[in-house]
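File shown: target_34.txt (compact mmCIF, C-alpha atoms).
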# COMPACT_ATOMS: atom_id res chain seq x y z
CA MET A 1 -69.03 50.29 -27.24
CA LYS A 2 -66.76 49.35 -30.09
CA LEU A 3 -64.74 52.51 -29.53
CA ILE A 4 -64.27 51.76 -25.85
CA LYS A 5 -63.06 48.27 -26.70
CA GLN A 6 -60.56 49.61 -29.22
CA ALA A 7 -59.30 52.23 -26.77
CA GLY A 8 -58.92 49.56 -24.05
CA LEU A 9 -56.90 47.31 -26.33
CA TYR A 10 -54.77 50.27 -27.40
CA LEU A 11 -53.96 51.17 -23.81
CA LEU A 12 -53.19 47.54 -22.98
CA GLY A 13 -50.82 47.34 -25.96
CA ALA A 14 -49.10 50.60 -24.96
CA GLY A 15 -48.80 49.37 -21.36
CA LEU A 16 -47.21 46.09 -22.44
CA LEU A 17 -44.83 47.97 -24.75
CA ILE A 18 -43.58 50.19 -21.97
CA PHE A 19 -43.66 47.95 -18.92
CA GLY A 20 -43.27 44.53 -20.61
CA ASN A 21 -39.90 45.49 -22.06
CA ARG A 22 -37.28 45.73 -19.31
CA LYS A 23 -34.85 47.68 -21.47
CA THR A 24 -37.41 50.36 -22.27
CA LEU A 25 -38.43 50.62 -18.64
CA ASP A 26 -34.80 50.84 -17.48
CA GLY A 27 -34.19 53.49 -20.14
CA ILE A 28 -37.10 55.57 -18.87
CA LEU A 29 -35.94 55.19 -15.26
CA VAL A 30 -32.36 56.18 -16.16
CA SER A 31 -33.54 59.20 -18.07
CA LEU A 32 -35.63 60.27 -15.07
CA ASP A 33 -32.70 59.80 -12.64
CA PRO A 34 -29.34 59.86 -14.49
CA PRO A 35 -26.42 58.25 -12.50
CA GLU A 36 -23.34 60.24 -11.62
CA GLU A 37 -20.62 59.90 -14.24
CA LYS A 38 -17.63 57.85 -12.95
CA ASP A 39 -14.19 59.37 -13.07
CA HIS A 40 -12.61 56.71 -15.35
CA LYS A 41 -9.43 58.70 -15.70
CA LYS A 42 -8.77 58.56 -11.94
CA PHE A 43 -9.43 54.80 -11.94
CA ASP A 44 -7.00 54.14 -14.81
CA GLU A 45 -4.19 56.04 -13.12
CA ALA A 46 -3.79 53.27 -10.55
CA PHE A 47 -2.79 50.83 -13.31
CA GLU A 48 -0.06 50.89 -15.84
CA THR A 49 -1.28 50.44 -19.35
CA GLN A 50 0.83 48.73 -21.93
CA LYS A 51 0.48 48.79 -25.63
CA ILE A 52 0.67 45.58 -27.60
CA THR A 53 1.42 46.09 -31.25
CA ARG A 54 2.09 43.91 -34.24
CA ASN A 55 5.74 43.73 -35.24
CA LYS A 56 7.23 43.40 -38.71
CA GLU A 57 6.48 39.70 -38.77
CA ASN A 58 2.86 40.52 -37.98
CA LYS A 59 3.12 38.93 -34.53
CA LEU A 60 1.78 40.54 -31.38
CA ALA A 61 4.61 42.06 -29.39
CA ASN A 62 4.92 43.89 -26.10
CA GLU A 63 7.85 46.27 -25.83
CA ASN A 64 7.90 46.08 -22.04
CA ILE A 65 10.76 43.69 -21.29
CA TYR A 66 9.35 42.30 -18.06
CA PHE A 67 6.46 40.80 -19.95
CA GLN A 68 8.68 38.63 -22.06
CA THR A 69 8.68 34.90 -21.29
CA ILE A 70 12.15 33.61 -20.45
CA HIS A 71 12.77 29.83 -20.65
CA ILE A 72 15.22 28.79 -17.97
CA ASP A 73 14.64 25.03 -18.18
CA GLU A 74 13.14 22.47 -20.48
CA ARG A 75 10.82 20.17 -18.60
CA ASP A 76 8.19 17.67 -19.60
CA ILE A 77 5.31 18.40 -17.29
CA ASN A 78 3.79 15.02 -18.11
CA ALA A 79 6.89 13.16 -16.94
CA THR A 80 5.94 13.38 -13.25
CA PRO A 81 2.86 11.23 -12.74
CA THR A 82 0.14 12.72 -10.60
CA ARG A 83 -1.05 10.65 -7.66
CA LYS A 84 -4.61 9.62 -8.25
CA THR A 85 -6.95 9.62 -5.30
CA SER A 86 -10.12 7.62 -5.74
CA ILE A 87 -13.25 7.52 -3.66
CA GLU A 88 -14.13 4.03 -2.49
CA SER A 89 -16.49 2.39 -0.04
CA ASP A 90 -15.42 -0.05 2.64
CA ASN A 91 -15.66 -2.92 0.17
CA ALA A 92 -13.89 -6.13 1.14
CA GLU A 93 -10.22 -6.44 0.24
CA THR A 94 -8.95 -9.72 -1.21
CA ALA A 95 -6.07 -11.56 0.36
CA SER A 96 -3.31 -12.90 -1.89
CA ALA A 97 0.37 -13.77 -1.80
CA SER A 98 2.69 -11.01 -2.94
CA GLN A 99 5.94 -12.23 -1.47
CA MET B 1 -18.41 -26.90 3.88
CA ILE B 2 -17.84 -23.41 5.24
CA THR B 3 -20.08 -21.92 7.89
CA GLN B 4 -20.14 -18.30 8.94
CA LYS B 5 -22.60 -15.62 10.01
CA PRO B 6 -23.76 -13.11 7.36
CA LEU B 7 -21.83 -9.83 7.50
CA PRO B 8 -23.60 -6.48 7.91
CA GLN B 9 -23.56 -4.13 4.91
CA VAL B 10 -21.74 -0.87 5.64
CA SER B 11 -21.33 1.90 3.14
CA LYS B 12 -19.13 4.91 3.88
CA PRO B 13 -16.89 6.81 1.47
CA TYR B 14 -13.11 6.72 1.82
CA LYS B 15 -10.22 8.26 -0.07
CA ALA B 16 -7.82 5.66 -1.49
CA GLN B 17 -4.39 5.79 -3.10
CA THR B 18 -2.29 2.92 -4.41
CA ARG B 19 1.46 3.10 -5.04
CA PHE B 20 4.09 0.51 -5.98
CA LEU B 21 6.61 -0.11 -3.22
CA PHE B 22 8.40 -3.17 -1.80
CA TYR B 23 7.70 -4.91 -5.14
CA CYS B 24 3.92 -4.79 -4.58
CA HIS B 25 0.96 -2.45 -4.79
CA ILE B 26 0.21 -0.80 -1.48
CA LYS B 27 -3.25 0.69 -1.04
CA ILE B 28 -4.15 3.08 1.76
CA LYS B 29 -7.77 4.00 2.50
CA LEU B 30 -8.48 7.02 4.69
CA PRO B 31 -11.60 8.94 5.78
CA VAL B 32 -12.69 11.42 3.09
CA VAL B 33 -11.92 14.35 5.39
CA CYS B 34 -8.18 13.66 5.04
CA HIS B 35 -6.32 15.88 2.60
CA ASP B 36 -4.68 14.27 -0.45
CA PHE B 37 -1.30 15.55 0.78
CA TYR B 38 -1.61 13.26 3.79
CA PHE B 39 -1.14 10.28 1.44
CA ASP B 40 2.21 11.80 0.41
CA GLU B 41 3.30 11.87 4.05
CA LEU B 42 2.32 8.24 4.62
CA PHE B 43 3.89 6.92 1.41
CA ALA B 44 7.01 9.00 2.09
CA GLU B 45 7.46 7.06 5.32
CA LEU B 46 7.19 3.76 3.41
CA GLU B 47 9.65 5.01 0.78
CA ARG B 48 12.09 6.05 3.49
CA ILE B 49 12.05 2.61 5.10
CA ASP B 50 12.34 0.94 1.68
CA ARG B 51 15.37 3.07 0.80
CA LEU B 52 17.17 2.75 4.14
CA TYR B 53 16.49 -0.86 5.16
CA ASN B 54 15.48 -2.99 2.15
CA SER B 55 18.13 -5.56 1.26
CA TYR B 56 17.20 -4.92 -2.39
CA SER B 57 17.90 -1.16 -2.09
CA GLU B 58 21.44 -0.38 -3.21
CA ASP B 59 22.47 1.94 -0.37
CA SER B 60 20.41 0.54 2.50
CA TYR B 61 21.97 -0.39 5.83
CA ILE B 62 21.15 -4.07 5.15
CA SER B 63 22.88 -3.89 1.75
CA LYS B 64 25.92 -2.41 3.46
CA ILE B 65 25.96 -5.27 5.98
CA ASN B 66 25.69 -7.79 3.11
CA LYS B 67 28.46 -6.13 1.08
CA ASN B 68 30.69 -5.96 4.15
CA ALA B 69 30.09 -9.61 5.17
CA GLY B 70 32.82 -10.85 7.48
CA HIS B 71 33.30 -7.41 9.07
CA PHE B 72 31.29 -5.18 11.37
CA THR B 73 29.21 -2.48 9.68
CA GLU B 74 28.02 0.75 11.32
CA VAL B 75 24.20 0.98 11.17
CA ASP B 76 21.43 2.94 12.91
CA GLU B 77 19.38 1.89 15.94
CA PHE B 78 16.37 1.00 13.77
CA THR B 79 18.39 -1.66 11.89
CA VAL B 80 19.67 -3.18 15.14
CA GLU B 81 16.16 -3.30 16.65
CA LEU B 82 14.68 -4.74 13.44
CA LEU B 83 17.23 -7.57 13.25
CA LYS B 84 16.91 -8.25 16.97
CA GLN B 85 13.14 -8.70 16.65
CA VAL B 86 13.41 -10.96 13.57
CA LYS B 87 16.02 -13.12 15.31
CA GLN B 88 13.76 -13.43 18.34
CA LEU B 89 10.77 -14.57 16.25
CA SER B 90 12.95 -16.94 14.19
CA GLY B 91 13.48 -18.91 17.40
CA TYR B 92 9.97 -20.43 17.13
CA PHE B 93 10.85 -22.34 13.97
CA GLN B 94 14.05 -24.24 14.84
CA GLY B 95 15.87 -22.89 11.83
CA ALA B 96 13.14 -23.51 9.22
CA TYR B 97 12.55 -19.74 8.89
CA ASP B 98 15.90 -18.03 8.33
CA ILE B 99 16.49 -14.55 6.91
CA THR B 100 19.97 -15.64 5.73
CA SER B 101 18.53 -18.28 3.35
CA MET B 102 19.74 -16.44 0.24
CA PRO B 103 22.22 -19.19 -0.86
CA LEU B 104 19.32 -21.69 -0.83
CA LEU B 105 17.01 -19.29 -2.67
CA LYS B 106 19.65 -18.92 -5.40
CA LEU B 107 20.23 -22.68 -5.50
CA TRP B 108 16.50 -23.27 -6.14
CA GLY B 109 16.17 -20.48 -8.71
CA LEU B 110 14.12 -18.26 -6.40
CA HIS B 111 16.21 -15.12 -6.72
CA GLY B 112 15.38 -14.13 -10.28
CA ASN B 113 17.71 -16.84 -11.59
CA LYS B 114 16.68 -19.92 -13.56
CA VAL B 115 17.77 -23.44 -12.66
CA ASN B 116 17.08 -26.50 -14.82
CA LYS B 117 18.07 -29.23 -12.38
CA ILE B 118 16.77 -30.10 -8.93
CA PRO B 119 19.70 -29.39 -6.56
CA SER B 120 21.53 -32.43 -5.20
CA LEU B 121 21.81 -33.16 -1.49
CA THR B 122 25.51 -32.21 -1.63
CA GLU B 123 24.68 -28.84 -3.17
CA ILE B 124 21.94 -28.24 -0.61
CA GLU B 125 24.25 -29.11 2.30
CA ALA B 126 26.97 -26.82 0.91
CA SER B 127 24.51 -23.91 0.72
CA GLN B 128 23.16 -24.66 4.18
CA GLN B 129 26.66 -24.04 5.60
CA LEU B 130 26.11 -20.34 4.85
CA VAL B 131 22.59 -20.21 6.31
CA ASN B 132 22.24 -19.40 10.00
CA TYR B 133 20.52 -16.33 11.37
CA LYS B 134 22.26 -16.89 14.72
CA ASN B 135 25.51 -15.77 13.06
CA ILE B 136 24.14 -12.21 12.79
CA GLN B 137 26.17 -10.43 15.47
CA THR B 138 25.42 -7.03 16.96
CA GLU B 139 27.72 -4.85 19.05
CA GLY B 140 26.09 -1.54 19.91
CA ASN B 141 25.22 0.03 16.55
CA ARG B 142 27.41 -2.36 14.56
CA VAL B 143 26.25 -5.52 12.77
CA LYS B 144 28.30 -8.37 11.33
CA ILE B 145 27.40 -11.45 9.28
CA GLU B 146 29.72 -14.27 8.26
CA ASN B 147 31.56 -14.33 4.94
CA GLY B 148 29.21 -15.51 2.18
CA GLN B 149 26.09 -14.78 4.24
CA GLU B 150 23.35 -12.45 3.06
CA ILE B 151 20.35 -11.00 4.91
CA ASN B 152 17.08 -10.94 2.95
CA THR B 153 14.40 -8.53 4.20
CA GLY B 154 11.70 -9.82 1.82
CA SER B 155 9.64 -11.59 4.46
CA PHE B 156 9.33 -8.81 7.03
CA LEU B 157 10.37 -5.27 6.01
CA LYS B 158 7.18 -4.32 4.17
CA ALA B 159 5.10 -5.32 7.20
CA TYR B 160 7.41 -3.45 9.57
CA ALA B 161 6.98 -0.36 7.42
CA ILE B 162 3.18 -0.71 7.52
CA ASP B 163 3.35 -0.86 11.34
CA VAL B 164 5.34 2.39 11.33
CA VAL B 165 2.68 4.04 9.15
CA LEU B 166 -0.09 2.70 11.41
CA LYS B 167 1.67 4.25 14.40
CA LYS B 168 1.75 7.58 12.57
CA LEU B 169 -1.95 7.30 11.71
CA LYS B 170 -2.84 6.68 15.35
CA ASN B 171 -0.61 9.54 16.54
CA ASP B 172 -2.31 11.83 14.02
CA GLY B 173 -5.73 10.90 15.39
CA ILE B 174 -6.91 8.68 12.52
CA THR B 175 -9.14 5.94 13.91
CA ASP B 176 -10.61 4.46 10.73
CA ALA B 177 -8.31 3.35 7.89
CA MET B 178 -7.18 0.32 5.92
CA ILE B 179 -3.81 -0.63 4.43
CA ASN B 180 -3.55 -3.44 1.90
CA ALA B 181 0.06 -4.28 1.02
CA GLY B 182 -0.03 -6.54 -2.01
CA GLY B 183 -2.89 -8.61 -0.58
CA SER B 184 -0.48 -10.47 1.69
CA THR B 185 -0.62 -7.91 4.51
CA ILE B 186 -3.98 -6.26 5.20
CA PHE B 187 -4.56 -4.14 8.31
CA GLY B 188 -7.91 -2.72 9.37
CA LEU B 189 -7.90 0.24 11.75
CA ASN B 190 -11.33 0.66 13.30
CA ASP B 191 -13.39 2.81 15.64
CA ASP B 192 -16.91 2.46 17.07
CA GLU B 193 -18.44 4.17 14.05
CA HIS B 194 -16.89 1.66 11.65
CA PRO B 195 -16.24 -1.49 13.67
CA ASN B 196 -14.89 -3.79 10.93
CA TRP B 197 -13.02 -4.04 7.66
CA LYS B 198 -13.71 -7.12 5.53
CA VAL B 199 -11.23 -9.41 3.79
CA ASN B 200 -12.13 -12.06 1.22
CA VAL B 201 -9.85 -15.04 1.66
CA PRO B 202 -9.52 -17.28 -1.40
CA ASP B 203 -7.97 -20.72 -1.75
CA LEU B 204 -5.06 -19.46 -3.83
CA THR B 205 -4.09 -22.81 -5.30
CA GLU B 206 -7.61 -23.61 -6.51
CA ASN B 207 -8.49 -19.95 -7.12
CA THR B 208 -11.80 -20.31 -5.30
CA ASP B 209 -13.41 -18.31 -2.49
CA LEU B 210 -12.86 -19.71 0.98
CA PHE B 211 -14.48 -17.27 3.40
CA GLN B 212 -14.76 -13.65 4.45
CA LEU B 213 -13.03 -12.34 7.58
CA LYS B 214 -13.71 -9.27 9.67
CA LEU B 215 -10.73 -7.24 10.78
CA LYS B 216 -10.90 -5.05 13.87
CA ASN B 217 -7.66 -3.26 14.63
CA ASN B 218 -5.70 -6.29 13.48
CA CYS B 219 -3.83 -7.67 10.51
CA PHE B 220 -4.42 -10.59 8.16
CA SER B 221 -1.17 -11.94 6.69
CA THR B 222 -0.95 -14.47 3.89
CA SER B 223 1.90 -16.68 2.75
CA ALA B 224 1.12 -18.82 -0.28
CA ARG B 225 2.84 -20.35 -3.26
CA ASN B 226 0.49 -19.32 -6.08
CA THR B 227 2.28 -16.55 -7.93
CA HIS B 228 5.88 -17.55 -7.43
CA SER B 229 5.78 -21.27 -8.10
CA ASN B 230 8.96 -22.59 -9.60
CA ILE B 231 8.97 -25.56 -12.00
CA ILE B 232 12.18 -27.64 -12.14
CA GLU B 233 12.38 -30.91 -14.10
CA GLY B 234 8.58 -30.77 -14.46
CA LYS B 235 7.97 -30.57 -10.72
CA GLU B 236 6.41 -27.54 -9.06
CA PHE B 237 8.10 -25.98 -6.02
CA GLY B 238 7.01 -23.13 -3.78
CA HIS B 239 9.07 -19.99 -3.12
CA ILE B 240 9.43 -20.26 0.67
CA ILE B 241 12.41 -22.30 1.78
CA ASN B 242 12.52 -24.54 4.83
CA ALA B 243 16.13 -23.83 5.74
CA THR B 244 16.29 -26.93 7.93
CA THR B 245 15.63 -29.27 4.99
CA GLY B 246 17.20 -26.86 2.50
CA SER B 247 14.21 -27.32 0.16
CA PRO B 248 11.08 -25.31 -0.64
CA SER B 249 8.17 -25.94 1.72
CA SER B 250 5.43 -28.13 0.26
CA ASN B 251 2.60 -26.23 1.99
CA TYR B 252 0.08 -24.27 -0.08
CA GLN B 253 -1.17 -21.42 2.07
CA VAL B 254 -1.05 -19.90 5.54
CA GLY B 255 -3.30 -17.10 6.83
CA LEU B 256 -2.82 -15.41 10.19
CA LEU B 257 -4.68 -12.86 12.27
CA THR B 258 -2.34 -10.83 14.49
CA ASP B 259 -2.21 -7.45 16.18
CA SER B 260 0.84 -6.29 14.22
CA CYS B 261 1.72 -6.63 10.54
CA PHE B 262 5.37 -7.38 11.27
CA LEU B 263 4.45 -10.21 13.61
CA GLY B 264 1.89 -11.54 11.13
CA ASP B 265 4.23 -11.57 8.13
CA VAL B 266 7.19 -13.16 9.94
CA LEU B 267 5.04 -15.81 11.62
CA ALA B 268 3.04 -16.56 8.45
CA THR B 269 6.28 -17.17 6.54
CA GLY B 270 7.69 -19.24 9.39
CA LEU B 271 4.54 -21.35 9.77
CA PHE B 272 4.48 -21.86 6.00
CA ALA B 273 8.12 -23.02 6.03
CA ILE B 274 7.66 -25.77 8.64
CA PRO B 275 6.04 -29.16 7.83
CA SER B 276 2.23 -29.02 8.07
CA ASN B 277 2.17 -31.58 10.91
CA HIS B 278 4.13 -29.11 13.07
CA PHE B 279 1.71 -26.25 12.39
CA LEU B 280 -0.62 -26.51 15.39
CA VAL B 281 2.11 -27.33 17.89
CA THR B 282 4.22 -24.36 16.78
CA LEU B 283 1.18 -22.09 16.65
CA HIS B 284 0.19 -23.03 20.22
CA LYS B 285 3.73 -22.28 21.35
CA ILE B 286 3.61 -18.81 19.74
CA GLN B 287 0.16 -18.18 21.25
CA GLN B 288 1.76 -18.38 24.70
CA ASP B 289 3.54 -15.11 23.83
CA PHE B 290 1.37 -13.41 21.20
CA LYS B 291 -2.32 -13.09 20.41
CA MET B 292 -2.87 -14.80 17.06
CA GLU B 293 -5.13 -17.20 15.16
CA GLY B 294 -4.61 -18.82 11.79
CA PHE B 295 -5.06 -21.61 9.28
CA LEU B 296 -2.89 -23.66 6.95
CA ILE B 297 -3.67 -25.44 3.68
CA ASN B 298 -1.29 -28.35 3.20
CA GLU B 299 -0.06 -30.09 0.06
CA GLN B 300 -3.06 -32.43 0.06
CA GLY B 301 -5.49 -29.46 0.17
CA GLY B 302 -6.48 -30.15 3.78
CA ILE B 303 -7.17 -27.14 5.99
CA ILE B 304 -5.93 -26.93 9.57
CA THR B 305 -7.21 -24.05 11.74
CA SER B 306 -6.30 -22.82 15.20
CA GLU B 307 -8.87 -23.41 17.93
CA ASN B 308 -10.36 -19.90 18.00
CA PHE B 309 -10.02 -18.97 14.33
CA PRO B 310 -13.18 -16.90 13.62
CA VAL B 311 -14.31 -19.06 10.68
CA LYS B 312 -15.00 -22.74 11.14
CA ILE B 313 -13.82 -24.71 8.12
CA ASP B 314 -14.72 -28.35 7.56
CA ARG B 315 -12.60 -29.57 4.63
CA LEU B 316 -10.13 -32.30 5.31

Render the structure in this file as structure tokens.
Amino acid sequence: MKLIKQAGLYLLGAGLLIFGNRKTLDGILVSLDPPEEKDHKKFDEAFETQKITRNKENKLANENIYFQTIHIDERDINATPTRKTSIESDNAETASASQ
Amino acid sequence: MITQKPLPQVSKPYKAQTRFLFYCHIKIKLPVVCHDFYFDELFAELERIDRLYNSYSEDSYISKINKNAGHFTEVDEFTVELLKQVKQLSGYFQGAYDITSMPLLKLWGLHGNKVNKIPSLTEIEASQQLVNYKNIQTEGNRVKIENGQEINTGSFLKAYAIDVVLKKLKNDGITDAMINAGGSTIFGLNDDEHPNWKVNVPDLTENTDLFQLKLKNNCFSTSARNTHSNIIEGKEFGHIINATTGSPSSNYQVGLLTDSCFLGDVLATGLFAIPSNHFLVTLHKIQQDFKMEGFLINEQGGIITSENFPVKIDRL
């Protein structure tokens, strides 16, 4: 009886180990049915890759000229106030004299 | 004692934007479905009118007329129509309301200048020589004022601009909106779903609540002396001139309900300018031509209301 109990617990533990861990289960499923390998090389050909390296001053630099930022104007983006829209109810307005 | 029926509670969200134009804060409330860019369109219209027609705008048509006093000045049709309408409404007040009162405003220190002495009768009479709206001449698209005269758009242009915006709102299919121009011009645009906008009306001299009004596709205009009072030789004067007497009106407050903001602002200023004992007679005369109701608070704090003013006030 004791042996049966031990065997039962052992099987339960093994079951939980395999099926209770999603990673393990996914690993078993993948190994049973391996997916087709994607052709990464073909995919990368559609894009241009650029290499960013550190220059002598140890700053990141891109040799491709069209990636360089060109300042054509100096502008304070905070100078133009944004128009604030608020959400209100139909609360009563108050009359006054502004003239 | 003030008696009125309790107002129903309505809660519906609106988008609101406030911008500073015509020397006051103008708030526009629109249904939440309106895009924020729509506010830009509406305020652009107000800015355009401010730039082109305000006597305080450097290059406006009115400024050009003022600078070219004594000669005819080429203007657009809008300017001609605007001046024609103001002249027509001025006729109700026998000269008390006059858009060429600038010499009197300067004499009483009401044009950003400071005066330390109450003007003498001689000085008042000399200034009055230059005040007469009937001297504004129009020939086609040309306008001329007399030498030394100056047109002041302060009492009507803002309201005219609000009417233009309201026309745009209606043309664009907006049926529920509110425009509050500095508290002195408040228009409520309503539909069946939202039948009223509310306006709290205070006694501006005593800074106490008077009553609450319901607007329904109409305007409430206020003329009062609270924020612009002028103290000379220890005596307090208002900022609205009665051009007939050449002195500031002694009234405290006028409130009018009208169908158009322009009408409301011009008539509120005119009814404020005249003596309080002429208020009801003049108002009845105007009511023969226009739908309007209103009240006046005189120098003694007494309140006079028109017969069908929606709030009954018992304070004499």

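Take atom CA of B:Ser155 and atom CA of B:Thr269: the distance between them is 6.8 Å.
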
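The spacing separating atom CA of B:Asn207 from atom CA of B:Thr222 amounts to 14.4 Å.
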
Check which residues of chain B sit at most 6 Å from chain A using all atoms listed in the file, and return one row each with the closest pair of atoms and their distance in Å to one decimal, ordered by chain and rising number, as a Markdown table.
| residue | atom | partner | partner_atom | distance |
| --- | --- | --- | --- | --- |
| B:Ser11 | CA | A:Ser89 | CA | 5.8 |
| B:Lys12 | CA | A:Ser89 | CA | 5.4 |
| B:Pro13 | CA | A:Ser89 | CA | 4.7 |
| B:Tyr14 | CA | A:Glu88 | CA | 5.2 |
| B:Lys15 | CA | A:Ile87 | CA | 4.8 |
| B:Ala16 | CA | A:Ser86 | CA | 5.2 |
| B:Gln17 | CA | A:Thr85 | CA | 5.1 |
| B:Gly182 | CA | A:Ser98 | CA | 5.3 |
| B:Gly183 | CA | A:Ala95 | CA | 4.4 |
| B:Ser184 | CA | A:Ala97 | CA | 4.9 |
| B:Lys198 | CA | A:Ala92 | CA | 4.5 |
| B:Val199 | CA | A:Glu93 | CA | 4.7 |
| B:Asn200 | CA | A:Thr94 | CA | 4.6 |
| B:Val201 | CA | A:Ala95 | CA | 5.3 |
| B:Thr222 | CA | A:Ala97 | CA | 5.9 |
| B:Ser223 | CA | A:Ala97 | CA | 5.6 |
| B:Ala224 | CA | A:Ala97 | CA | 5.3 |

Would you kindly return, as a CSV table (one decimal) with C-alpha atoms, in the frame of the given file, each protein, DNA or RNA residue with an atom no farther than 9 Å from any atom of stretch 278-293 of chain B, considering only C-alpha atoms and excluding same-chain residues fewer than 5 positions away?
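Wrote selection-v2.csv, looks like this:
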chain,number,residue,atom,x,y,z
B,92,TYR,CA,10.0,-20.4,17.1
B,93,PHE,CA,10.8,-22.3,14.0
B,255,GLY,CA,-3.3,-17.1,6.8
B,256,LEU,CA,-2.8,-15.4,10.2
B,257,LEU,CA,-4.7,-12.9,12.3
B,258,THR,CA,-2.3,-10.8,14.5
B,259,ASP,CA,-2.2,-7.4,16.2
B,263,LEU,CA,4.4,-10.2,13.6
B,264,GLY,CA,1.9,-11.5,11.1
B,267,LEU,CA,5.0,-15.8,11.6
B,271,LEU,CA,4.5,-21.4,9.8
B,272,PHE,CA,4.5,-21.9,6.0
B,304,ILE,CA,-5.9,-26.9,9.6
B,305,THR,CA,-7.2,-24.0,11.7
B,306,SER,CA,-6.3,-22.8,15.2
B,307,GLU,CA,-8.9,-23.4,17.9
B,308,ASN,CA,-10.4,-19.9,18.0
B,309,PHE,CA,-10.0,-19.0,14.3
B,310,PRO,CA,-13.2,-16.9,13.6

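From atom CA of B:Gln253 back to atom CA of B:Ile297, the distance works out to 5.0 Å.
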
Next on the checklist: From the options B:Asn132, B:Asn68, B:Ile28, B:Thr208, which residue's atoms come nearest to B:Pro103, counting all atoms listed in the file?
Outcome noted: B:Asn132

Checklist entry - Could you name the residues that touch B:Ala69 at 12 Å or less, counting all atoms listed in the file, but leaving out those on the same chain fewer than 2 positions away, as number ranges by chain? => result B: 62-67, 71-73, 100, 130, 135-137, 143-151

Checklist entry - Using only C-alpha atoms, which residue out of B:Ile99, B:Leu169, B:Leu110, B:Ile274 lies closest to B:Lys84? => result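 Of the candidates, the smallest distance to B:Lys84 is held by B:Ile99.
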
Item to check | Expected residue set, 9 Å radius at (11.3, -26.0, -8.6), only C-alpha atoms, as a list in words | outcome: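 Selection result: Trp108, Gly109, Leu110, Val115, Asn116, Lys117, Ile118, Ser229, Asn230, Ile231, Ile232, Glu233, Gly234, Lys235, Glu236, Phe237, Gly238, His239 and Pro248 of chain B.
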
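Nearest-residue note for B:Ala126: choosing from B:Ala268, B:Leu104, B:Glu45, B:Tyr160, the minimum distance belongs to B:Leu104, counting only C-alpha atoms.
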